[in-house]
$ cat final33.cif   # mmCIF, C-alpha atoms
data_upload
loop_
_atom_site.label_atom_id
_atom_site.label_comp_id
_atom_site.auth_asym_id
_atom_site.auth_seq_id
_atom_site.Cartn_x
_atom_site.Cartn_y
_atom_site.Cartn_z
CA MET A 1 0.00 0.00 0.00
CA SER A 2 1.30 3.45 -0.85
CA ASN A 3 2.35 5.64 2.02
CA LEU A 4 -0.77 7.39 3.35
CA SER A 5 1.07 10.49 4.50
CA THR A 6 2.35 10.99 0.96
CA HIS A 7 -1.23 10.76 -0.32
CA LEU A 8 -2.46 13.29 2.21
CA GLU A 9 0.45 15.60 1.45
CA GLY A 10 -1.31 16.09 -1.86
CA SER A 11 -3.96 18.17 -0.09
CA PRO A 12 -3.69 21.84 -0.96
CA VAL A 13 -2.49 24.51 1.40
CA LEU A 14 -4.55 27.66 0.86
CA SER A 15 -2.69 30.92 1.28
CA TYR A 16 -4.70 34.07 1.83
CA ASP A 17 -3.80 37.37 0.21
CA SER A 18 -4.75 40.28 2.45
CA HIS A 19 -4.73 42.77 -0.44
CA ASP A 20 -7.05 41.25 -3.05
CA GLU A 21 -8.79 38.74 -0.76
CA SER A 22 -8.18 36.00 -3.27
CA VAL A 23 -7.14 32.46 -2.59
CA SER A 24 -4.02 30.97 -4.07
CA GLU A 25 -3.05 27.37 -3.85
CA THR A 26 0.42 26.27 -2.92
CA THR A 27 1.64 22.77 -2.47
CA GLU A 28 4.47 21.12 -0.68
CA SER A 29 6.89 19.42 -3.01
CA ASN A 30 7.41 15.70 -2.62
CA ARG A 31 10.96 14.55 -2.09
CA ASP A 32 12.08 11.54 -4.09
CA GLY A 33 15.76 10.80 -4.01
CA GLY A 34 16.58 14.46 -3.43
CA ASN A 35 14.48 15.60 -6.39
CA ARG A 36 11.53 17.89 -5.84
CA LYS A 37 8.36 16.91 -7.64
CA GLN A 38 5.62 19.53 -8.14
CA VAL A 39 2.07 18.22 -7.89
CA SER A 40 -0.60 19.47 -10.29
CA PRO A 41 -2.91 22.06 -8.63
CA SER A 42 -5.93 20.62 -10.43
CA LYS A 43 -5.13 17.18 -9.04
CA LEU A 44 -4.89 18.61 -5.55
CA LEU A 45 -8.26 20.30 -5.85
CA ASN A 46 -9.81 17.03 -6.90
CA THR A 47 -8.25 15.34 -3.86
CA LEU A 48 -10.16 17.49 -1.40
CA ASN A 49 -13.19 17.95 -3.65
CA SER A 50 -13.32 21.63 -2.65
CA THR A 51 -13.57 23.34 -6.02
CA SER A 52 -16.63 25.26 -4.89
CA PHE A 53 -14.99 26.60 -1.75
CA GLU A 54 -14.60 30.35 -1.85
CA THR A 55 -12.99 32.50 0.81
CA ASP A 56 -12.36 36.12 1.48
CA LEU A 57 -10.20 35.72 4.56
CA SER A 58 -6.96 37.61 5.00
CA ALA A 59 -3.75 35.92 6.10
CA PRO A 60 -2.91 36.03 9.80
CA ARG A 61 -0.15 38.60 10.20
CA SER A 62 2.25 38.54 13.10
CA ASN A 63 2.35 42.33 13.33
CA ARG A 64 -1.44 42.56 13.74
CA HIS A 65 -1.39 40.97 17.19
CA GLU A 66 1.43 40.02 19.47
CA ASP A 67 2.01 36.28 19.43
CA ARG A 68 0.75 34.93 22.74
CA SER A 69 3.45 32.25 22.72
CA ASN A 70 5.95 34.96 23.72
CA THR A 71 4.19 35.12 27.08
CA TYR A 72 5.07 31.50 27.80
CA ALA A 73 8.53 31.45 26.21
CA SER A 74 10.38 31.37 29.54
CA ASP A 75 8.23 28.61 31.03
CA PRO A 76 10.01 25.21 30.95
CA LYS A 77 6.67 23.40 30.78
CA TYR A 78 5.75 25.37 27.69
CA GLN A 79 8.99 24.27 26.03
CA LYS A 80 8.06 20.65 26.77
CA TYR A 81 4.62 21.36 25.32
CA VAL A 82 6.13 22.68 22.10
CA GLN A 83 8.48 19.70 21.84
CA LEU A 84 5.68 17.19 22.46
CA VAL A 85 3.46 18.69 19.78
CA GLY A 86 6.41 18.82 17.39
CA ARG A 87 7.23 15.13 17.91
CA ASN A 88 3.62 14.11 17.42
CA LEU A 89 3.42 16.12 14.21
CA GLN A 90 6.49 14.33 12.90
CA SER A 91 4.78 10.97 13.41
CA PHE A 92 2.40 11.92 10.60
CA ASP A 93 5.22 11.23 8.14
CA TYR A 94 5.13 7.54 9.07
CA VAL A 95 1.41 6.96 8.60
CA GLN A 96 0.81 3.84 6.48
CA GLU A 97 -2.78 2.74 7.12
CA TRP A 98 -6.04 4.57 7.73
CA ALA A 99 -5.94 3.33 11.33
CA ASP A 100 -2.60 5.09 11.75
CA VAL A 101 -4.35 8.41 11.24
CA ILE A 102 -6.49 7.73 14.32
CA ALA A 103 -3.33 6.93 16.28
CA PHE A 104 -1.75 10.18 15.13
CA LEU A 105 -4.83 12.18 16.10
CA THR A 106 -4.97 10.49 19.51
CA LYS A 107 -1.37 11.49 20.24
CA LEU A 108 -2.01 15.04 19.07
CA SER A 109 -5.16 15.29 21.18
CA ARG A 110 -3.25 14.02 24.20
CA SER A 111 -0.67 16.78 23.71
CA PHE A 112 -3.32 19.46 24.14
CA GLU A 113 -5.05 17.68 27.03
CA ILE A 114 -1.83 17.55 29.07
CA TYR A 115 -1.06 21.26 28.72
CA THR A 116 -4.49 22.87 28.82
CA LYS A 117 -3.19 25.87 30.78
CA PHE A 118 -1.42 27.24 27.69
CA ALA A 119 -3.92 29.16 25.56
CA VAL A 120 -1.87 28.76 22.40
CA VAL A 121 -1.22 26.08 19.78
CA PRO A 122 2.48 25.45 19.03
CA HIS A 123 3.34 24.92 15.35
CA LYS A 124 -0.20 26.11 14.60
CA VAL A 125 0.32 26.34 10.83
CA THR A 126 1.38 22.70 10.65
CA VAL A 127 -1.27 21.61 13.15
CA THR A 128 -4.10 23.22 11.19
CA LYS A 129 -2.74 21.83 7.94
CA ARG A 130 -2.66 18.27 9.34
CA LEU A 131 -6.17 18.62 10.74
CA ALA A 132 -7.43 19.86 7.37
CA GLN A 133 -5.79 16.88 5.68
CA CYS A 134 -7.48 14.53 8.16
CA LEU A 135 -10.84 15.87 6.91
CA ASN A 136 -10.05 14.54 3.46
CA PRO A 137 -13.25 12.91 2.11
CA ALA A 138 -11.25 9.78 1.24
CA LEU A 139 -10.86 9.04 4.97
CA PRO A 140 -13.57 7.25 6.98
CA THR A 141 -16.11 9.03 9.16
CA GLY A 142 -14.38 7.93 12.36
CA VAL A 143 -11.28 9.90 11.37
CA HIS A 144 -13.41 12.96 10.61
CA GLN A 145 -15.16 12.79 13.98
CA LYS A 146 -11.87 12.43 15.84
CA THR A 147 -10.48 15.42 13.93
CA LEU A 148 -13.51 17.54 14.76
CA SER A 149 -13.14 16.65 18.44
CA ILE A 150 -9.58 18.03 18.32
CA TYR A 151 -10.88 21.27 16.82
CA GLU A 152 -13.29 21.52 19.76
CA LEU A 153 -10.45 20.85 22.19
CA ILE A 154 -8.29 23.54 20.62
CA PHE A 155 -11.05 26.16 20.52
CA ASN A 156 -11.89 25.58 24.17
CA GLN A 157 -8.22 25.97 25.02
CA ILE A 158 -7.26 29.06 23.00
CA GLY A 159 -10.39 31.17 23.49
CA SER A 160 -12.20 33.49 21.11
CA GLU A 161 -9.46 36.16 20.92
CA GLU A 162 -6.88 33.72 19.59
CA LEU A 163 -9.48 32.15 17.28
CA VAL A 164 -10.20 35.52 15.64
CA MET A 165 -6.48 36.07 15.10
CA ASP A 166 -6.04 32.71 13.36
CA LEU A 167 -9.45 32.43 11.75
CA SER A 168 -8.06 31.76 8.29
CA LEU A 169 -5.98 28.82 9.52
CA TYR A 170 -8.90 26.99 11.10
CA ALA A 171 -11.24 27.88 8.24
CA LEU A 172 -8.92 25.95 5.91
CA GLY A 173 -10.30 22.61 7.03
CA LEU A 174 -13.65 23.37 8.61
CA PHE A 175 -15.47 25.60 6.14
CA PRO A 176 -15.28 23.33 3.04
CA PHE A 177 -16.02 20.17 5.03
CA MET A 178 -19.83 20.35 5.10
CA ARG A 179 -20.17 19.23 1.47
CA ASN A 180 -18.18 16.03 2.10
CA ALA A 181 -19.27 15.32 5.67
CA SER A 182 -21.33 12.23 6.44
CA LEU A 183 -24.67 12.48 8.23
CA ALA A 184 -22.89 11.38 11.41
CA ALA A 185 -20.27 14.14 11.19
CA LYS A 186 -22.49 17.06 10.13
CA PRO A 187 -24.11 17.63 13.57
CA GLN A 188 -20.66 17.74 15.16
CA LEU A 189 -19.45 20.28 12.60
CA LEU A 190 -22.55 22.42 13.08
CA GLY A 191 -22.02 22.30 16.83
CA ILE A 192 -18.50 23.69 16.40
CA LEU A 193 -19.71 26.52 14.20
CA GLU A 194 -22.56 27.35 16.59
CA ASP A 195 -20.49 27.20 19.77
CA PHE A 196 -17.24 28.82 18.68
CA PHE A 197 -17.76 30.84 15.50
CA VAL A 198 -21.16 32.48 15.91
CA PRO A 199 -20.18 34.06 19.28
CA LEU A 200 -17.36 35.91 17.50
CA GLY A 201 -20.03 38.31 16.22
CA PRO A 202 -18.62 41.15 14.07
CA GLY A 203 -15.29 39.34 14.05
CA LEU A 204 -16.82 37.03 11.43
CA ARG A 205 -17.44 39.81 8.91
CA PRO A 206 -14.17 39.20 6.99
CA CYS A 207 -15.07 35.53 6.52
CA LEU A 208 -18.86 35.71 6.23
CA LYS A 209 -18.81 34.71 2.57
CA SER A 210 -16.54 31.76 3.36
CA ILE A 211 -18.59 30.37 6.20
CA THR A 212 -21.86 30.89 4.30
CA VAL A 213 -20.54 29.03 1.24
CA GLY A 214 -19.36 26.28 3.57
CA VAL A 215 -22.69 25.93 5.38
CA LEU A 216 -25.12 26.16 2.44
CA PRO A 217 -24.52 22.55 1.24
CA GLY A 218 -26.22 21.46 4.47
CA LEU A 219 -29.54 22.63 2.97
CA GLU A 220 -29.35 20.00 0.26
CA GLU A 221 -31.41 16.84 0.61
CA GLY A 222 -30.52 15.00 3.78
CA SER A 223 -31.50 14.84 7.43
CA ALA A 224 -34.34 17.18 8.37
CA ASP A 225 -32.56 17.89 11.64
CA VAL A 226 -29.42 19.00 9.81
CA VAL A 227 -31.44 21.25 7.49
CA HIS A 228 -33.19 22.81 10.47
CA ARG A 229 -29.88 23.46 12.24
CA VAL A 230 -28.30 24.95 9.12
CA VAL A 231 -31.22 27.37 8.71
CA GLY A 232 -30.89 28.27 12.39
CA LEU A 233 -27.14 28.82 12.00
CA LEU A 234 -27.67 31.13 9.04
CA ASP A 235 -30.29 33.03 11.06
CA LYS A 236 -27.77 33.49 13.87
CA LEU A 237 -25.14 34.76 11.45
CA ARG A 238 -27.67 37.20 10.01
CA ASP A 239 -28.71 38.51 13.43
CA THR A 240 -25.23 38.55 14.94
CA ILE A 241 -23.39 40.37 12.18
CA ASP A 242 -25.76 42.64 10.25
CA GLU A 243 -28.88 41.78 8.26
CA PRO A 244 -28.21 43.90 5.13
CA PHE A 245 -24.57 42.79 5.05
CA PHE A 246 -25.62 39.14 5.39
CA PHE A 247 -28.14 39.29 2.54
CA GLN A 248 -25.71 41.21 0.33
CA THR A 249 -23.20 38.41 0.91
CA LEU A 250 -25.82 35.79 0.07
CA PHE A 251 -26.76 37.57 -3.17
CA LEU A 252 -23.09 37.85 -4.09
CA ILE A 253 -22.73 34.09 -3.60
CA MET A 254 -25.68 33.52 -5.95
CA ILE A 255 -23.92 35.57 -8.62
CA THR A 256 -20.44 34.06 -8.28
CA ASN A 257 -21.09 30.48 -7.15
CA SER A 258 -23.54 28.54 -9.30
CA GLU A 259 -23.23 25.39 -7.16
CA GLN A 260 -24.76 27.13 -4.15
CA ARG A 261 -27.68 28.83 -5.89
CA GLU A 262 -30.25 26.16 -5.16
CA SER A 263 -29.39 26.09 -1.46
CA ALA A 264 -29.35 29.89 -1.26
CA LEU A 265 -32.79 30.04 -2.89
CA LYS A 266 -34.14 27.54 -0.37
CA TYR A 267 -33.04 29.78 2.47
CA LEU A 268 -34.37 32.95 0.83
CA ALA A 269 -37.73 31.28 0.20
CA GLN A 270 -38.07 30.82 3.96
CA ARG A 271 -36.74 34.18 5.13
CA LEU A 272 -37.45 36.89 2.54
CA PRO A 273 -40.64 38.91 3.11
CA VAL A 274 -43.08 39.93 0.38
CA PHE A 275 -41.83 43.21 -1.05
CA THR A 276 -44.27 45.94 -2.05
CA ARG A 277 -42.04 49.00 -2.44
CA GLN A 278 -38.39 49.96 -2.85
CA GLU A 279 -38.08 50.95 0.81
CA ASP A 280 -38.79 47.34 1.80
CA VAL A 281 -35.90 46.16 -0.35
CA ALA A 282 -33.58 48.75 1.22
CA GLN A 283 -34.30 47.34 4.68
CA VAL A 284 -33.00 43.95 3.57
CA CYS A 285 -30.25 44.86 1.11
CA GLY A 286 -29.14 48.24 2.39
CA ASP A 287 -28.04 50.83 -0.16
CA ASP A 288 -27.23 48.30 -2.89
CA ALA A 289 -30.75 47.16 -3.77
CA SER A 290 -29.80 46.39 -7.37
CA LEU A 291 -27.56 43.58 -6.11
CA MET A 292 -30.65 41.51 -5.39
CA ALA A 293 -31.94 42.02 -8.94
CA ARG A 294 -28.59 40.98 -10.39
CA ALA A 295 -28.53 37.88 -8.18
CA LEU A 296 -32.02 36.84 -9.29
CA ALA A 297 -31.12 37.51 -12.92
CA ALA A 298 -28.01 35.34 -12.55
CA THR A 299 -30.02 32.42 -11.18
CA LEU A 300 -32.44 32.71 -14.12
CA THR A 301 -29.54 31.95 -16.46
CA ASP A 302 -28.65 28.75 -14.61
CA PRO A 303 -28.78 25.58 -16.74
CA LYS A 304 -30.45 23.53 -14.00
CA THR A 305 -34.24 23.32 -14.21
CA LEU A 306 -34.61 22.96 -10.43
CA VAL A 307 -32.72 26.22 -9.90
CA LEU A 308 -34.90 27.99 -12.48
CA ARG A 309 -38.08 26.74 -10.81
CA ALA A 310 -36.89 27.91 -7.39
CA ALA A 311 -35.85 31.30 -8.78
CA LEU A 312 -39.21 31.84 -10.53
CA ASP A 313 -41.07 30.73 -7.41
CA LEU A 314 -39.16 33.31 -5.38
CA VAL A 315 -39.76 36.07 -7.92
CA MET A 316 -43.43 35.17 -8.25
CA THR A 317 -44.18 35.08 -4.51
CA ARG A 318 -41.88 37.81 -3.16
CA PHE A 319 -41.78 40.39 -5.97
CA PRO A 320 -45.27 40.85 -7.47
CA LEU A 321 -44.99 42.64 -10.79
CA ARG A 322 -47.74 45.09 -9.86
CA THR A 323 -45.52 46.61 -7.16
CA THR A 324 -42.73 49.16 -7.57
CA VAL A 325 -40.03 47.06 -5.94
CA PHE A 326 -37.26 47.43 -8.51
CA ARG A 327 -35.96 50.44 -10.31
CA ARG A 328 -36.54 50.47 -14.05
CA LYS A 329 -33.11 49.24 -15.12
CA ASP A 330 -33.19 46.41 -12.56
CA LEU A 331 -36.70 45.39 -13.64
CA VAL A 332 -35.65 45.36 -17.31
CA LEU A 333 -32.69 43.11 -16.46
CA LEU A 334 -34.87 40.75 -14.43
CA MET A 335 -37.62 40.52 -17.05
CA LYS A 336 -35.10 39.95 -19.83
CA HIS A 337 -33.64 36.87 -18.16
CA ALA A 338 -37.00 35.66 -16.87
CA SER A 339 -38.46 35.74 -20.39
CA GLU A 340 -35.61 33.61 -21.70
CA VAL A 341 -36.86 30.58 -19.76
CA VAL A 342 -39.52 30.02 -22.44
CA LEU A 343 -36.68 28.77 -24.63
CA LYS A 344 -36.42 25.77 -22.31
CA LYS A 345 -39.87 24.64 -23.53
CA ASP A 346 -40.74 23.47 -20.03
CA MET A 347 -44.38 23.91 -19.02
CA SER A 348 -43.56 24.12 -15.32
CA LEU A 349 -41.26 27.09 -16.00
CA ASN A 350 -43.71 28.75 -18.41
CA ARG A 351 -46.56 28.46 -15.91
CA ARG A 352 -44.52 30.21 -13.22
CA LEU A 353 -43.42 32.93 -15.62
CA TYR A 354 -47.00 33.63 -16.81
CA THR A 355 -48.22 33.72 -13.21
CA TRP A 356 -45.64 36.39 -12.41
CA LEU A 357 -46.43 38.42 -15.53
CA LEU A 358 -50.25 38.11 -15.58
CA GLY A 359 -51.23 37.08 -12.06
CA PRO A 360 -52.59 33.83 -10.63
CA GLY A 361 -56.06 34.21 -12.15
CA ASP A 362 -57.11 32.89 -15.57
CA SER A 363 -59.90 35.33 -16.37
CA GLU A 364 -59.33 38.73 -17.89
CA ALA A 365 -60.96 40.42 -14.90
CA GLU A 366 -58.65 38.67 -12.43
CA GLN A 367 -55.63 39.60 -14.47
CA ALA A 368 -56.77 43.23 -14.61
CA ALA A 369 -57.24 43.21 -10.84
CA TYR A 370 -53.70 41.84 -10.41
CA PHE A 371 -52.33 45.16 -11.65
#
$ encode --input "final33.cif" --output "structure tokens"
Amino acid sequence: MSNLSTHLEGSPVLSYDSHDESVSETTESNRDGGNRKQVSPSKLLNTLNSTSFETDLSAPRSNRHEDRSNTYASDPKYQKYVQLVGRNLQSFDYVQEWADVIAFLTKLSRSFEIYTKFAVVPHKVTVTKRLAQCLNPALPTGVHQKTLSIYELIFNQIGSEELVMDLSLYALGLFPFMRNASLAAKPQLLGILEDFFVPLGPGLRPCLKSITVGVLPGLEEGSADVVHRVVGLLDKLRDTIDEPFFFQTLFLIMITNSEQRESALKYLAQRLPVFTRQEDVAQVCGDDASLMARALAATLTDPKTLVLRAALDLVMTRFPLRTTVFRRKDLVLLMKHASEVVLKKDMSLNRRLYTWLLGPGDSEAEQAAYF
């Protein structure tokens, strides 16, 4: 059997650019007889199955906050703590079987349990990288659950201040995991997000898009309990951070991430009110009301019929055409893309479109009353 640690080394390391908020992918080179072998970025993305993961986090910078480890530098027990974590991290290089990953995680967990008084994670870049690799979808659910328990242990130990400082490091493994998590692991992941991330409040603003993209796959078909908890988590994010900012982020996701449109529409169908005037839209979207029109127009160009049905249902029920919800240019854009669905020659789409344009009634009098 090929060395498992070599396989997991193929997982990408995401580096965050604080200037353009883009994500670049860097990989560690594999050593083979002294030669360095570069692994294809596309192959690495396929390994973690995280092509839809988007992030707007900035890199943790040492000059932004003083490293708390300096406080413990003179403590002999802290030096033993650093050495113990370092030795356990090195054991990852000798992993051969899937069961060896559990053994590695047990040793790493034990390191933190022994030295709980130190509110810092030594070698945190390597630690978070290894934990992210242990959430690889190719590994069994037991490994994922053990990894998530270590995240909980770390977050309890370091506190919210340290978590905010290193948010991008921990987001590397946790945020994209929902899509690949089993039904047994999803409640544990949601518990971590609810208990440790939501209380950060405004500190989550820089990564709101990332965490929302990570959570939305939980609204896909699955356990009703998971769906309910995901909706509740999104509600908490909306209420904790800022409602207009949250919905603007959600509309931006609908424009830029086609894979998450169906899930985003499911949430909006439950939480958007019926709009009757432009002021109502401003209360939800803030000053950028046209963003919502562009998001709806983008979903109406989606090739998936289910997405088109959900988009037309939302437009039909929340934005009656008789109202003055959108400005003229936004309404023209929305009607242009909505009218194009007739090219699909799908009666279910045509029926929704005609209901939005003419009203729910069939008679001429009912249609006149609609306007």
$ residues_around --input "final33.cif" --residues "Leu169 in chain A" --least-positions-apart "2" --cutoff "7 Å" --atoms "all atoms listed in the file" --output "list in words"
Val125, Thr128, Asp166, Leu167, Ala171 and Leu172 of chain A
$ write_last_selection --input "final33.cif" --atoms "C-alpha atoms" --output "tab-separated table (two decimals), keeping the file's coordinate frame"
chain	number	residue	atom	x	y	z
A	125	VAL	CA	0.32	26.34	10.83
A	128	THR	CA	-4.10	23.22	11.19
A	166	ASP	CA	-6.04	32.71	13.36
A	167	LEU	CA	-9.45	32.43	11.75
A	171	ALA	CA	-11.24	27.88	8.24
A	172	LEU	CA	-8.92	25.95	5.91
$ atom_distance --input "final33.cif" --atom1 "CA of Arg130 in chain A" --atom2 "CA of Leu219 in chain A"
28.0 Å
$ residues_around --input "final33.cif" --residues "range 245-249 of chain A" --least-positions-apart "2" --cutoff "10 Å" --atoms "all atoms listed in the file" --output "PyMOL selection string"
chain A and resi 205+208-210+212-213+234-235+237-243+251-255+268+272+284-289+291-292+295
$ atom_distance --input "final33.cif" --atom1 "CA of Lys129 in chain A" --atom2 "CA of Asp75 in chain A"
26.4 Å
$ closest_residue --input "final33.cif" --among "A:Asp93, A:Asp313, A:Asp302, A:Glu113" --to "Lys344 in chain A" --atoms "only C-alpha atoms"
A:Asp302
$ resolve_selection --input "final33.cif" --expression "the PyMOL selection byres ((chain A and resi 191-201) around 9)" --output "MDAnalysis selection string"
chainID A and resid 148 151:152 155:156 159:161 163:164 174 186:190 202:205 211 233 236:237 240:241
$ atom_distance --input "final33.cif" --atom1 "CA of Ser91 in chain A" --atom2 "CA of Tyr72 in chain A"
25.1 Å
$ resolve_selection --input "final33.cif" --expression "the PyMOL selection byres ((chain A and resi 310-312) around 12)" --output "mmCIF file with C-alpha atoms, in the coordinates of the input"
data_model
loop_
_atom_site.group_PDB
_atom_site.id
_atom_site.type_symbol
_atom_site.label_atom_id
_atom_site.label_comp_id
_atom_site.auth_asym_id
_atom_site.auth_seq_id
_atom_site.Cartn_x
_atom_site.Cartn_y
_atom_site.Cartn_z
ATOM 1 C CA MET A 254 -25.680 33.520 -5.950
ATOM 2 C CA ARG A 261 -27.680 28.830 -5.890
ATOM 3 C CA GLU A 262 -30.250 26.160 -5.160
ATOM 4 C CA SER A 263 -29.390 26.090 -1.460
ATOM 5 C CA ALA A 264 -29.350 29.890 -1.260
ATOM 6 C CA LEU A 265 -32.790 30.040 -2.890
ATOM 7 C CA LYS A 266 -34.140 27.540 -0.370
ATOM 8 C CA TYR A 267 -33.040 29.780 2.470
ATOM 9 C CA LEU A 268 -34.370 32.950 0.830
ATOM 10 C CA ALA A 269 -37.730 31.280 0.200
ATOM 11 C CA GLN A 270 -38.070 30.820 3.960
ATOM 12 C CA MET A 292 -30.650 41.510 -5.390
ATOM 13 C CA ALA A 293 -31.940 42.020 -8.940
ATOM 14 C CA ALA A 295 -28.530 37.880 -8.180
ATOM 15 C CA LEU A 296 -32.020 36.840 -9.290
ATOM 16 C CA ALA A 297 -31.120 37.510 -12.920
ATOM 17 C CA ALA A 298 -28.010 35.340 -12.550
ATOM 18 C CA THR A 299 -30.020 32.420 -11.180
ATOM 19 C CA LEU A 300 -32.440 32.710 -14.120
ATOM 20 C CA THR A 301 -29.540 31.950 -16.460
ATOM 21 C CA ASP A 302 -28.650 28.750 -14.610
ATOM 22 C CA LYS A 304 -30.450 23.530 -14.000
ATOM 23 C CA THR A 305 -34.240 23.320 -14.210
ATOM 24 C CA LEU A 306 -34.610 22.960 -10.430
ATOM 25 C CA VAL A 307 -32.720 26.220 -9.900
ATOM 26 C CA LEU A 308 -34.900 27.990 -12.480
ATOM 27 C CA ARG A 309 -38.080 26.740 -10.810
ATOM 28 C CA ASP A 313 -41.070 30.730 -7.410
ATOM 29 C CA LEU A 314 -39.160 33.310 -5.380
ATOM 30 C CA VAL A 315 -39.760 36.070 -7.920
ATOM 31 C CA MET A 316 -43.430 35.170 -8.250
ATOM 32 C CA THR A 317 -44.180 35.080 -4.510
ATOM 33 C CA ARG A 318 -41.880 37.810 -3.160
ATOM 34 C CA PHE A 319 -41.780 40.390 -5.970
ATOM 35 C CA PRO A 320 -45.270 40.850 -7.470
ATOM 36 C CA LEU A 334 -34.870 40.750 -14.430
ATOM 37 C CA MET A 335 -37.620 40.520 -17.050
ATOM 38 C CA HIS A 337 -33.640 36.870 -18.160
ATOM 39 C CA ALA A 338 -37.000 35.660 -16.870
ATOM 40 C CA SER A 339 -38.460 35.740 -20.390
ATOM 41 C CA GLU A 340 -35.610 33.610 -21.700
ATOM 42 C CA VAL A 341 -36.860 30.580 -19.760
ATOM 43 C CA SER A 348 -43.560 24.120 -15.320
ATOM 44 C CA LEU A 349 -41.260 27.090 -16.000
ATOM 45 C CA ASN A 350 -43.710 28.750 -18.410
ATOM 46 C CA ARG A 351 -46.560 28.460 -15.910
ATOM 47 C CA ARG A 352 -44.520 30.210 -13.220
ATOM 48 C CA LEU A 353 -43.420 32.930 -15.620
ATOM 49 C CA TYR A 354 -47.000 33.630 -16.810
ATOM 50 C CA THR A 355 -48.220 33.720 -13.210
ATOM 51 C CA TRP A 356 -45.640 36.390 -12.410
ATOM 52 C CA LEU A 357 -46.430 38.420 -15.530
#
$ closest_residue --input "final33.cif" --among "A:Ile158, A:Cys134, A:Leu139, A:Ala99" --to "Gly173 in chain A" --atoms "all atoms listed in the file"
A:Cys134
$ resolve_selection --input "final33.cif" --expression "the PyMOL selection byres ((chain A and resi 118) around 10)" --output "list in words"
Arg68, Ser69, Thr71, Tyr72, Lys77, Tyr78, Tyr81, Phe112, Ile114, Tyr115, Thr116, Lys117, Ala119, Val120, Val121, Pro122, Gln157 and Ile158 of chain A
